[in-house]
$ cat final33.txt   # compact mmCIF, C-alpha atoms
# COMPACT_ATOMS: atom_id res chain seq x y z
CA MET A 1087 68.91 150.69 96.73
CA PHE A 1088 70.18 151.48 93.24
CA LEU A 1089 73.31 153.01 94.78
CA LEU A 1090 74.28 149.55 96.07
CA LEU A 1091 74.18 147.92 92.67
CA PRO A 1092 77.71 148.95 91.62
CA PHE A 1093 79.06 147.70 94.95
CA ASP A 1094 77.22 144.39 94.56
CA SER A 1095 78.57 144.07 91.04
CA LEU A 1096 82.11 144.70 92.30
CA VAL A 1097 81.76 142.01 95.00
CA VAL A 1098 80.45 139.50 92.45
CA ASN A 1099 83.31 140.29 90.07
CA LEU A 1100 85.91 139.95 92.82
CA LEU A 1101 84.36 136.67 93.93
CA GLY A 1102 84.38 135.39 90.36
CA ILE A 1103 88.00 136.40 89.88
CA SER A 1104 88.99 134.72 93.17
CA ILE A 1105 87.28 131.45 92.21
CA THR A 1106 88.88 131.55 88.76
CA VAL A 1107 92.34 132.17 90.21
CA LEU A 1108 91.87 129.38 92.80
CA PHE A 1109 90.70 126.90 90.18
CA THR A 1110 93.60 127.85 87.90
CA LEU A 1111 96.09 127.32 90.72
CA LEU A 1112 94.52 123.94 91.54
CA LEU A 1113 94.65 122.92 87.89
CA VAL A 1114 98.22 124.06 87.23
CA PHE A 1115 99.94 123.13 90.48
CA ILE A 1116 97.97 120.10 91.71
CA ILE A 1117 95.63 118.41 89.23
CA VAL A 1118 97.87 118.49 86.12
CA PRO A 1119 100.99 117.30 88.04
CA ALA A 1120 98.85 114.53 89.56
CA ILE A 1121 97.76 113.39 86.10
CA PHE A 1122 101.37 113.04 84.96
CA GLY A 1123 102.74 111.86 88.30
CA VAL A 1124 105.16 114.74 88.79
CA SER A 1125 105.76 117.17 91.64
CA PHE A 1126 107.07 120.74 91.81
CA GLY A 1127 108.53 120.15 95.30
CA ILE A 1128 106.15 122.61 96.97
CA ARG A 1129 105.05 120.04 99.58
CA LYS A 1130 108.65 119.29 100.59
CA VAL A 1131 109.39 122.98 101.13
CA TYR A 1132 106.17 123.19 103.14
CA MET A 1133 107.27 120.20 105.25
CA LYS A 1134 110.73 121.67 105.96
CA THR A 1135 109.16 124.98 107.01
CA LEU A 1136 106.81 123.17 109.39
CA LEU A 1137 109.70 121.24 110.94
CA LYS A 1138 111.51 124.47 111.77
CA ILE A 1139 108.35 125.92 113.34
CA PHE A 1140 107.79 122.74 115.40
CA GLN A 1141 111.37 122.78 116.65
CA TRP A 1142 111.07 126.41 117.73
CA ALA A 1143 107.71 125.76 119.45
CA THR A 1144 109.09 122.72 121.30
CA LEU A 1145 112.16 124.62 122.50
CA ARG A 1146 109.93 127.49 123.63
CA ILE A 1147 107.72 125.08 125.59
CA GLU A 1148 110.72 123.47 127.27
CA ARG A 1149 112.17 126.87 128.19
CA GLY A 1150 108.80 128.10 129.50
CA ALA A 1151 108.36 124.94 131.56
CA LYS A 1152 111.77 125.43 133.20
CA GLU A 1153 110.95 129.05 134.00
CA LYS A 1154 107.66 128.05 135.67
CA ASN A 1155 109.02 124.81 137.22
CA HIS A 1156 106.53 122.69 135.29
CA THR A 1157 107.21 119.03 134.54
CA LEU A 1158 107.09 118.21 130.86
CA TYR A 1159 105.17 115.13 129.79
CA LYS A 1160 107.41 112.51 128.21
CA PRO A 1161 105.84 109.45 126.59
CA TYR A 1162 107.17 106.01 127.49
CA VAL A 1163 108.39 104.74 124.15
CA ASN A 1164 109.51 101.31 125.36
CA GLY A 1165 106.92 100.83 128.09
CA ILE A 1166 106.89 101.80 131.75
CA ILE A 1167 108.18 98.45 133.05
CA ALA A 1168 111.57 96.97 132.21
CA LYS A 1169 111.07 93.36 131.17
CA GLU A 1170 113.65 90.65 130.68
CA PRO A 1171 113.09 88.17 127.84
CA THR A 1172 113.00 85.10 130.10
CA SER A 1173 110.78 82.03 130.10
CA LEU A 1174 108.25 80.92 132.71
CA GLU A 1175 110.53 78.09 133.81
CA GLU A 1176 113.54 80.36 134.32
CA GLU A 1177 111.60 82.96 136.32
CA ILE A 1178 110.00 80.40 138.65
CA LYS A 1179 113.42 78.83 139.15
CA GLU A 1180 114.77 82.20 140.25
CA ILE A 1181 111.81 82.78 142.61
CA ARG A 1182 112.29 79.38 144.25
CA ARG A 1183 116.03 79.90 144.61
CA SER A 1184 115.64 83.30 146.28
CA GLY A 1185 112.67 82.22 148.40
CA SER A 1186 112.53 78.66 149.70
CA GLY A 1187 115.92 77.65 148.39
CA LYS A 1188 114.46 74.55 146.74
CA ALA A 1189 115.52 73.54 143.27
CA LEU A 1190 113.26 73.66 140.28
CA ASP A 1191 113.32 69.88 139.85
CA THR A 1192 111.10 69.55 142.94
CA PRO A 1193 107.89 68.12 141.43
CA GLU A 1194 105.53 69.46 144.08
CA PHE A 1195 103.68 72.72 143.77
CA GLU A 1196 105.35 75.56 145.65
CA LEU A 1197 103.31 78.41 147.12
CA SER A 1198 105.98 80.87 145.99
CA ASP A 1199 105.12 80.02 142.35
CA ILE A 1200 101.99 82.15 142.75
CA PHE A 1201 104.14 85.28 142.90
CA TYR A 1202 105.19 84.77 139.27
CA PHE A 1203 101.59 84.82 138.01
CA CYS A 1204 100.66 87.72 140.30
CA ARG A 1205 103.56 89.79 139.05
CA LYS A 1206 102.79 88.99 135.41
CA GLY A 1207 99.15 89.95 135.92
CA ILE A 1208 100.02 93.30 137.51
CA GLU A 1209 102.58 94.05 134.79
CA THR A 1210 99.99 93.33 132.12
CA ILE A 1211 97.48 95.68 133.74
CA MET A 1212 100.01 98.47 134.30
CA ASP A 1213 101.76 98.18 130.94
CA ASP A 1214 99.23 96.62 128.58
CA GLU A 1215 101.02 96.21 125.25
CA VAL A 1216 97.75 95.56 123.38
CA THR A 1217 95.27 98.31 124.25
CA LYS A 1218 97.90 101.06 123.95
CA ARG A 1219 98.22 100.09 120.27
CA PHE A 1220 94.71 101.47 119.73
CA SER A 1221 95.34 105.03 120.90
CA ALA A 1222 97.16 107.92 119.24
CA GLU A 1223 100.94 107.65 119.16
CA GLU A 1224 102.40 110.13 121.64
CA LEU A 1225 104.94 112.74 120.55
CA GLU A 1226 107.83 114.23 122.48
CA SER A 1227 107.58 117.43 120.44
CA TRP A 1228 104.57 119.70 119.87
CA ASN A 1229 103.15 120.01 116.34
CA LEU A 1230 100.69 122.85 117.17
CA LEU A 1231 97.77 120.39 116.87
CA SER A 1232 97.25 119.59 120.57
CA ARG A 1233 96.32 116.04 119.66
CA THR A 1234 99.23 113.75 120.38
CA ASN A 1235 101.12 115.62 123.06
CA TYR A 1236 100.02 116.87 126.49
CA ASN A 1237 102.43 119.83 126.67
CA PHE A 1238 100.09 122.39 125.08
CA GLN A 1239 99.28 124.53 128.11
CA TYR A 1240 99.71 128.30 127.92
CA ILE A 1241 103.39 129.29 127.79
CA SER A 1242 103.65 132.66 126.05
CA LEU A 1243 101.66 135.10 123.95
CA ARG A 1244 103.78 134.49 120.84
CA LEU A 1245 103.23 130.75 121.04
CA THR A 1246 99.49 131.21 121.52
CA VAL A 1247 99.30 133.59 118.54
CA LEU A 1248 101.25 131.08 116.44
CA TRP A 1249 98.82 128.31 117.41
CA GLY A 1250 95.83 130.54 116.56
CA LEU A 1251 97.36 131.41 113.20
CA GLY A 1252 97.81 127.70 112.55
CA VAL A 1253 94.13 127.05 113.29
CA LEU A 1254 93.11 129.75 110.78
CA ILE A 1255 95.41 128.34 108.10
CA ARG A 1256 94.27 124.77 108.60
CA TYR A 1257 90.54 125.42 108.81
CA CYS A 1258 90.08 128.48 106.59
CA PHE A 1259 92.60 127.73 103.82
CA LEU A 1260 93.78 124.10 103.82
CA LEU A 1261 90.42 122.50 104.66
CA PRO A 1262 88.40 124.12 101.79
CA LEU A 1263 91.26 123.44 99.38
CA ARG A 1264 91.49 119.79 100.42
CA ILE A 1265 87.73 119.27 100.25
CA ALA A 1266 87.74 120.68 96.71
CA LEU A 1267 90.57 118.34 95.72
CA ALA A 1268 88.91 115.31 97.34
CA PHE A 1269 85.63 116.10 95.56
CA THR A 1270 87.51 116.46 92.26
CA GLY A 1271 89.39 113.18 92.72
CA ILE A 1272 86.31 111.15 93.70
CA SER A 1273 84.18 112.69 90.93
CA LEU A 1274 86.82 111.91 88.32
CA LEU A 1275 87.20 108.36 89.68
CA VAL A 1276 83.47 107.63 89.43
CA THR A 1277 83.10 109.31 86.02
CA GLY A 1278 86.31 107.93 84.53
CA THR A 1279 85.83 104.31 85.62
CA THR A 1280 82.19 104.36 84.49
CA VAL A 1281 83.17 105.57 81.01
CA VAL A 1282 86.08 103.11 80.76
CA GLY A 1283 83.75 100.32 81.86
CA TYR A 1284 81.76 100.63 78.63
CA LEU A 1285 84.83 99.89 76.51
CA PRO A 1286 85.42 96.33 75.23
CA ASN A 1287 87.94 94.27 77.16
CA GLY A 1288 91.45 94.63 75.84
CA ARG A 1289 94.73 96.48 76.20
CA CYS A 1290 93.14 99.86 75.56
CA LYS A 1291 90.64 99.40 78.38
CA GLU A 1292 93.33 98.13 80.75
CA PHE A 1293 95.63 101.05 79.89
CA LEU A 1294 92.92 103.67 80.41
CA SER A 1295 91.65 102.01 83.60
CA LYS A 1296 95.15 101.97 85.10
CA HIS A 1297 95.81 105.63 84.37
CA VAL A 1298 92.35 106.77 85.51
CA HIS A 1299 92.87 105.00 88.84
CA LEU A 1300 96.40 106.36 89.28
CA MET A 1301 95.37 109.90 88.37
CA CYS A 1302 92.41 109.98 90.75
CA TYR A 1303 94.31 108.42 93.66
CA ARG A 1304 97.14 110.92 93.20
CA ILE A 1305 94.65 113.78 93.35
CA CYS A 1306 93.18 112.29 96.55
CA VAL A 1307 96.69 111.99 98.00
CA ARG A 1308 97.23 115.68 97.33
CA ALA A 1309 93.92 116.37 99.06
CA LEU A 1310 95.68 115.24 102.26
CA THR A 1311 98.92 117.05 101.44
CA ALA A 1312 100.52 113.62 101.61
CA ILE A 1313 104.29 113.47 101.23
CA ILE A 1314 105.19 109.86 100.44
CA THR A 1315 108.63 108.33 99.98
CA TYR A 1316 108.64 105.00 98.13
CA HIS A 1317 111.61 102.68 98.56
CA ASP A 1318 112.75 99.68 96.46
CA ARG A 1319 110.20 100.13 93.70
CA GLU A 1320 111.70 97.20 91.80
CA ASN A 1321 109.89 94.95 94.33
CA ARG A 1322 106.43 96.36 93.56
CA PRO A 1323 103.68 93.69 93.43
CA ARG A 1324 103.06 91.99 90.11
CA ASN A 1325 100.06 90.34 88.50
CA GLY A 1326 98.91 87.07 89.99
CA GLY A 1327 100.24 87.88 93.45
CA ILE A 1328 98.98 89.22 96.78
CA CYS A 1329 100.18 92.49 98.29
CA VAL A 1330 99.99 92.49 102.10
CA ALA A 1331 100.73 95.51 104.29
CA ASN A 1332 100.41 96.67 107.87
CA HIS A 1333 97.23 98.67 108.49
CA THR A 1334 97.08 102.08 110.17
CA SER A 1335 94.41 104.00 108.32
CA PRO A 1336 91.81 103.72 105.52
CA ILE A 1337 94.09 105.99 103.49
CA ASP A 1338 96.63 103.13 103.31
CA VAL A 1339 94.71 102.17 100.19
CA ILE A 1340 95.26 105.43 98.33
CA ILE A 1341 98.85 105.66 99.61
CA LEU A 1342 99.66 102.38 97.84
CA ALA A 1343 97.27 102.77 94.89
CA SER A 1344 98.79 106.13 93.95
CA ASP A 1345 102.00 104.26 93.07
CA GLY A 1346 100.61 100.97 91.78
CA TYR A 1347 97.60 99.31 90.17
CA TYR A 1348 95.76 96.88 92.46
CA ALA A 1349 92.58 94.85 92.66
CA MET A 1350 90.82 95.77 95.89
CA VAL A 1351 89.11 93.28 98.20
CA GLY A 1352 86.29 94.29 100.49
CA GLN A 1353 82.68 94.21 101.54
CA ILE A 1354 80.02 95.88 99.40
CA HIS A 1355 78.77 99.11 100.99
CA GLY A 1356 75.87 101.42 100.41
CA GLY A 1357 75.75 105.19 99.95
CA LEU A 1358 78.68 107.06 98.40
CA MET A 1359 81.09 104.18 98.99
CA GLY A 1360 78.72 101.85 97.15
CA VAL A 1361 78.58 104.22 94.16
CA ILE A 1362 82.39 104.31 94.03
CA GLN A 1363 82.65 100.51 94.27
CA ARG A 1364 80.14 99.90 91.49
CA ALA A 1365 81.92 102.36 89.22
CA MET A 1366 85.39 100.92 89.95
CA VAL A 1367 84.42 97.30 89.31
CA LYS A 1368 83.25 98.21 85.79
CA ALA A 1369 86.77 99.19 84.78
CA CYS A 1370 88.84 96.81 86.92
CA PRO A 1371 88.27 93.27 88.33
CA HIS A 1372 88.01 94.22 91.99
CA VAL A 1373 86.74 91.54 94.40
CA TRP A 1374 83.69 92.77 96.33
CA PHE A 1375 81.73 90.54 98.72
CA GLU A 1376 78.18 90.75 100.00
CA ARG A 1377 77.81 91.08 103.76
CA SER A 1378 76.64 87.46 104.08
CA GLU A 1379 79.56 86.18 101.96
CA VAL A 1380 82.25 87.80 104.11
CA LYS A 1381 81.53 85.38 106.95
CA ASP A 1382 81.98 82.38 104.64
CA ARG A 1383 85.74 81.86 104.87
CA HIS A 1384 85.79 79.10 102.27
CA LEU A 1385 83.89 81.21 99.74
CA VAL A 1386 86.28 84.12 100.25
CA ALA A 1387 89.31 81.84 99.87
CA ARG A 1388 87.88 80.33 96.67
CA ARG A 1389 87.21 83.74 95.11
CA LEU A 1390 90.72 84.94 95.96
CA THR A 1391 92.29 81.70 94.66
CA GLU A 1392 90.45 82.04 91.35
CA HIS A 1393 91.72 85.60 91.05
CA VAL A 1394 95.42 84.91 91.70
CA GLN A 1395 95.46 81.81 89.47
CA ASP A 1396 94.85 84.11 86.51
CA LYS A 1397 98.31 85.63 86.03
CA SER A 1398 96.88 88.37 83.83
CA LYS A 1399 94.84 89.81 86.72
CA LEU A 1400 96.08 92.54 89.01
CA PRO A 1401 97.71 91.83 92.38
CA ILE A 1402 95.23 91.78 95.25
CA LEU A 1403 95.72 94.34 98.02
CA ILE A 1404 95.01 92.93 101.49
CA PHE A 1405 95.56 94.14 105.07
CA PRO A 1406 95.77 90.87 107.06
CA GLU A 1407 95.56 92.50 110.51
CA GLY A 1408 91.87 93.17 109.87
CA THR A 1409 91.85 96.41 111.88
CA CYS A 1410 93.82 99.65 112.20
CA ILE A 1411 96.84 99.72 114.56
CA ASN A 1412 98.41 102.98 115.73
CA ASN A 1413 101.56 102.77 113.60
CA THR A 1414 103.80 101.60 116.43
CA SER A 1415 103.47 97.84 115.88
CA VAL A 1416 102.23 95.02 113.69
CA MET A 1417 99.73 92.59 115.18
CA MET A 1418 98.68 89.08 114.19
CA PHE A 1419 98.07 88.44 110.48
CA LYS A 1420 94.97 86.41 109.66
CA LYS A 1421 96.09 83.21 107.96
CA GLY A 1422 93.46 83.20 105.18
CA SER A 1423 95.55 85.27 102.76
CA PHE A 1424 98.50 82.90 103.21
CA GLU A 1425 96.63 79.65 102.56
CA ILE A 1426 96.05 80.43 98.88
CA GLY A 1427 99.55 79.53 97.75
CA ALA A 1428 100.22 82.69 95.74
CA THR A 1429 103.37 84.80 95.81
CA VAL A 1430 103.15 87.37 98.60
CA TYR A 1431 104.55 90.87 98.16
CA PRO A 1432 105.06 92.42 101.63
CA VAL A 1433 104.84 96.19 102.03
CA ALA A 1434 105.76 98.18 105.15
CA ILE A 1435 104.07 101.56 105.75
CA LYS A 1436 105.36 103.93 108.41
CA TYR A 1437 103.74 107.33 109.08
CA ASP A 1438 105.50 110.31 110.64
CA PRO A 1439 103.11 111.55 113.38
CA GLN A 1440 104.83 114.94 113.65
CA PHE A 1441 102.61 116.43 110.94
CA GLY A 1442 99.36 114.58 111.57
CA ASP A 1443 98.13 111.41 113.23
CA ALA A 1444 96.99 108.99 110.50
CA PHE A 1445 95.70 106.32 112.90
CA TRP A 1446 91.95 105.70 112.76
CA ASN A 1447 90.48 104.67 116.11
CA SER A 1448 87.20 103.36 114.68
CA SER A 1449 85.78 102.65 118.14
CA LYS A 1450 86.15 106.34 119.05
CA TYR A 1451 85.67 108.30 115.81
CA GLY A 1452 83.31 107.85 112.89
CA MET A 1453 84.56 108.10 109.32
CA VAL A 1454 83.38 111.71 108.83
CA THR A 1455 85.06 112.88 112.07
CA TYR A 1456 88.22 111.00 111.18
CA LEU A 1457 88.42 112.54 107.70
CA LEU A 1458 87.86 116.00 109.21
CA ARG A 1459 90.77 115.44 111.59
CA MET A 1460 92.94 114.26 108.70
CA MET A 1461 92.07 117.20 106.48
CA THR A 1462 92.74 119.70 109.25
CA SER A 1463 96.18 118.24 110.02
CA TRP A 1464 99.29 119.88 108.63
CA ALA A 1465 100.17 117.02 106.32
CA ILE A 1466 100.40 113.24 106.06
CA VAL A 1467 104.02 112.13 105.78
CA CYS A 1468 104.94 108.48 105.38
CA SER A 1469 107.48 106.05 103.98
CA VAL A 1470 106.61 102.92 102.00
CA TRP A 1471 109.00 99.99 101.58
CA TYR A 1472 108.43 97.31 98.96
CA LEU A 1473 110.00 94.11 100.28
CA PRO A 1474 111.21 91.22 98.09
CA PRO A 1475 108.47 88.70 97.21
CA MET A 1476 108.01 85.76 99.56
CA THR A 1477 106.57 82.27 98.97
CA ARG A 1478 105.43 79.60 101.38
CA GLN A 1479 108.11 77.03 102.17
CA PRO A 1480 107.30 73.29 101.93
CA GLU A 1481 107.65 72.77 105.69
CA GLU A 1482 105.61 75.87 106.63
CA ASP A 1483 101.94 76.03 107.46
CA ALA A 1484 99.85 79.14 106.77
CA VAL A 1485 100.32 80.53 110.30
CA GLN A 1486 104.11 80.20 110.18
CA PHE A 1487 104.22 81.83 106.74
CA ALA A 1488 102.02 84.71 107.95
CA ASN A 1489 104.29 85.24 110.98
CA ARG A 1490 107.40 85.25 108.77
CA VAL A 1491 105.90 87.90 106.47
CA LYS A 1492 104.72 89.94 109.48
CA SER A 1493 108.19 89.86 111.05
CA ALA A 1494 109.76 91.10 107.80
CA ILE A 1495 107.30 94.01 107.61
CA ALA A 1496 107.84 94.93 111.27
CA ARG A 1497 111.61 94.80 110.94
CA GLN A 1498 111.68 97.00 107.83
CA GLY A 1499 109.18 99.55 109.17
CA GLY A 1500 110.77 99.80 112.62
CA LEU A 1501 107.57 98.47 114.22
CA VAL A 1502 107.04 96.21 117.24
CA ASP A 1503 106.21 92.63 116.21
CA LEU A 1504 103.30 91.40 118.36
CA LEU A 1505 101.57 88.02 118.34
CA TRP A 1506 98.28 89.40 119.68
CA ASP A 1507 95.14 89.43 117.54
CA GLY A 1508 93.96 92.91 116.56
CA GLY A 1509 90.43 91.69 117.22
CA LEU A 1510 91.13 92.32 120.93
CA LYS A 1511 90.27 95.91 120.09
CA ARG A 1512 86.60 94.92 120.37
CA GLU A 1513 86.65 91.46 121.95
CA LYS A 1514 87.81 89.84 125.17
CA VAL A 1515 90.87 87.66 125.43
CA LYS A 1516 90.14 84.10 124.35
CA ASP A 1517 90.31 81.36 126.96
CA ALA A 1518 92.99 79.66 124.86
CA PHE A 1519 95.48 82.41 125.81
CA LYS A 1520 94.74 81.89 129.51
CA GLU A 1521 94.98 78.11 129.21
CA GLU A 1522 98.35 78.37 127.47
CA GLN A 1523 100.10 79.59 130.64
CA GLN A 1524 98.34 76.90 132.67
CA LYS A 1525 99.55 74.22 130.25
CA LEU A 1526 103.12 75.51 130.36
CA TYR A 1527 103.15 75.42 134.16
CA SER A 1528 101.53 71.97 134.28
CA LYS A 1529 103.99 70.63 131.74
CA MET A 1530 106.86 72.00 133.80
CA ILE A 1531 105.63 70.28 136.99
CA VAL A 1532 104.57 66.99 135.37
CA GLY A 1533 107.63 66.89 133.12
CA ASN A 1534 110.02 67.31 136.08
CA HIS A 1535 108.12 64.66 137.97
CA GLU A 1536 108.41 62.18 135.09
CA ASP A 1537 112.12 62.90 134.65
CA ARG A 1538 112.68 62.29 138.36
CA SER A 1539 110.70 58.98 138.26
CA ARG A 1540 112.87 57.68 135.39
CA SER A 1541 116.01 58.50 137.31

$ encode --input "final33.txt" --output "structure tokens"
Amino acid sequence: MFLLLPFDSLVVNLLGISITVLFTLLLVFIIVPAIFGVSFGIRKVYMKTLLKIFQWATLRIERGAKEKNHTLYKPYVNGIIAKEPTSLEEEIKEIRRSGSGKALDTPEFELSDIFYFCRKGIETIMDDEVTKRFSAEELESWNLLSRTNYNFQYISLRLTVLWGLGVLIRYCFLLPLRIALAFTGISLLVTGTTVVGYLPNGRCKEFLSKHVHLMCYRICVRALTAIITYHDRENRPRNGGICVANHTSPIDVIILASDGYYAMVGQIHGGLMGVIQRAMVKACPHVWFERSEVKDRHLVARRLTEHVQDKSKLPILIFPEGTCINNTSVMMFKKGSFEIGATVYPVAIKYDPQFGDAFWNSSKYGMVTYLLRMMTSWAIVCSVWYLPPMTRQPEEDAVQFANRVKSAIARQGGLVDLLWDGGLKREKVKDAFKEEQQKLYSKMIVGNHEDRSRS
């Protein structure tokens, strides 16, 4: 027994030295640069290395598939059905011309008109442009994660060994490192904002609060090995305004907050999230709502209006879609944020799914599972565009203004601009959408009949 004591002492010493070295590396290469907002370029070198490995793996898969006569899976980027941007009236006119030969100005109902609605219904079922926005974005290449591409069957021993090595690196090295960084960032955020909260209101408190938030968010960004490119920083949101962005993931918040200082809006939570919220609101005027208050739209609008009317307060960060979309499109913006009358600062966020899928499918994965998937990805790579500020025009209503902002974000981010409500993720289609097509058809028939009666 006594003979083992020197060995045990050696193990303890080696463990102590390893922990010390790891902490020193974290402090020198990650935490200190995060405090000052600088980077040594290590993540970019890491990203370039990964790209070369992915390219080799994809070429090897394609070559192996040809050798074994396997068909490679290719995602349909633009949908599986070719659709022409034509109106209901034009399509029914074409059906009547090719079928019965009657003109469209015939006021009576034609049996052939049914084919238009049947075809539209089948197209919608086969190529549903809504529900596919709530699943992982498919990749043409393989990123050794086997998550967003179906071409990960066995090809060769070298490729399998490479994949296994990647699993060891991600789970045995990157995951513990990222958990340590996340714990450090969250601990510093809670501690720092609590301490700053005891200071009297003034420039000193505002200065310290801003830098504590930025420092902690930058550490959390590094906990995901996030590589972010910010464009047009001169358009960053300013005090007294509202920052609106497309929504892909809960980490959208730290992606933006690591480059700017915002007032957050959200529902009050319990547990760890509640502790963070209570600490943050002591140092910064965030807008938190009770669960019962969230349903009161007028109360929410009044609280937000009071906030933006004070030009000394921070810009509010809002995601008007109300749910996460899979980074391929932008869906309907809720009009509440656009009724206030404040200056809106649009922001477009586009993730690169090659390194890790940032989309959170909340109906499939819980928060813990989602964060585990994020922290075991290779990296989170994204681009952020700050668009010029926009204000509501005199002739615009809130819905039109929201659609104009949404279109600008979609255009800049290279996303599909959809009119559908993201709430369809959990709800059925409203009857109003079904009645809209009925009204268009009725108007076409009745309108033609009236025009014919006048003539």

$ residues_around --input "final33.txt" --residues "stretch 1288-1304 of chain A" --least-positions-apart "3" --cutoff "10 Å" --atoms "all atoms listed in the file" --output "ChimeraX atom specification"
/A:1116-1124,1267-1268,1270-1285,1307-1309,1312,1339-1348,1366,1368-1370

$ residues_around --input "final33.txt" --residues "stretch 1317-1330 of chain A" --least-positions-apart "4" --cutoff "8 Å" --atoms "only C-alpha atoms" --output "MDAnalysis selection string"
chainID A and resid 1346 1393:1406 1423 1428:1433 1469:1475

$ residues_around --input "final33.txt" --residues "A:Leu1505" --least-positions-apart "3" --cutoff "12 Å" --atoms "only C-alpha atoms" --output "PyMOL selection string"
chain A and resi 1215-1216+1407+1415-1420+1485-1486+1488-1490+1492-1493+1496+1502+1508-1510+1519

$ residues_near_point --input "final33.txt" --point "(104.1, 106.4, 110.3)" --cutoff "8 Å" --atoms "all atoms listed in the file" --output "MDAnalysis selection string"
chainID A and resid 1413:1414 1435:1439 1444 1467:1469

$ residues_around --input "final33.txt" --residues "stretch 1139-1149 of chain A" --least-positions-apart "3" --cutoff "6 Å" --atoms "all atoms listed in the file" --output "VMD selection string"
chain A and resid 1136 1152 1227 to 1229

$ atom_distance --input "final33.txt" --atom1 "atom CA of A:Ala1494" --atom2 "atom CA of A:Ala1434"
8.6 Å

$ atom_distance --input "final33.txt" --atom1 "atom CA of A:His1333" --atom2 "atom CA of A:Cys1410"
5.1 Å

$ atom_distance --input "final33.txt" --atom1 "atom CA of A:Met1461" --atom2 "atom CA of A:Asp1443"
10.8 Å

$ residues_near_point --input "final33.txt" --point "(114.0, 113.6, 104.0)" --cutoff "9 Å" --atoms "all atoms listed in the file" --output "VMD selection string"
chain A and resid 1130 1134 1315

$ build_atoms --input "final33.txt" --residues "stretch 1406-1410 of chain A" --atoms "all heavy atoms" --output "mmCIF file, in the coordinates of the input"
data_model
loop_
_atom_site.group_PDB
_atom_site.id
_atom_site.type_symbol
_atom_site.label_atom_id
_atom_site.label_comp_id
_atom_site.auth_asym_id
_atom_site.auth_seq_id
_atom_site.Cartn_x
_atom_site.Cartn_y
_atom_site.Cartn_z
ATOM 1 N N PRO A 1406 96.105 92.083 106.285
ATOM 2 C CA PRO A 1406 95.770 90.870 107.060
ATOM 3 C C PRO A 1406 95.476 91.100 108.537
ATOM 4 O O PRO A 1406 94.952 90.204 109.191
ATOM 5 C CB PRO A 1406 97.010 89.981 106.888
ATOM 6 C CG PRO A 1406 97.791 90.588 105.777
ATOM 7 C CD PRO A 1406 97.473 92.033 105.785
ATOM 8 N N GLU A 1407 95.843 92.250 109.095
ATOM 9 C CA GLU A 1407 95.560 92.500 110.510
ATOM 10 C C GLU A 1407 94.059 92.627 110.757
ATOM 11 O O GLU A 1407 93.582 92.356 111.860
ATOM 12 C CB GLU A 1407 96.268 93.779 110.978
ATOM 13 C CG GLU A 1407 97.767 93.618 111.127
ATOM 14 C CD GLU A 1407 98.469 94.942 111.338
ATOM 15 O OE1 GLU A 1407 98.405 95.794 110.438
ATOM 16 O OE2 GLU A 1407 99.093 95.120 112.410
ATOM 17 N N GLY A 1408 93.319 93.094 109.755
ATOM 18 C CA GLY A 1408 91.870 93.170 109.870
ATOM 19 C C GLY A 1408 91.362 94.383 110.621
ATOM 20 O O GLY A 1408 90.161 94.581 110.726
ATOM 21 N N THR A 1409 92.248 95.199 111.165
ATOM 22 C CA THR A 1409 91.850 96.410 111.880
ATOM 23 C C THR A 1409 93.029 97.379 111.881
ATOM 24 O O THR A 1409 94.166 96.987 111.576
ATOM 25 C CB THR A 1409 91.433 96.101 113.328
ATOM 26 O OG1 THR A 1409 90.853 97.252 113.937
ATOM 27 C CG2 THR A 1409 92.616 95.640 114.166
ATOM 28 N N CYS A 1410 92.772 98.626 112.215
ATOM 29 C CA CYS A 1410 93.820 99.650 112.200
ATOM 30 C C CYS A 1410 94.604 99.642 113.516
ATOM 31 O O CYS A 1410 94.011 99.632 114.591
ATOM 32 C CB CYS A 1410 93.210 101.029 111.958
ATOM 33 S SG CYS A 1410 92.451 101.221 110.327
#
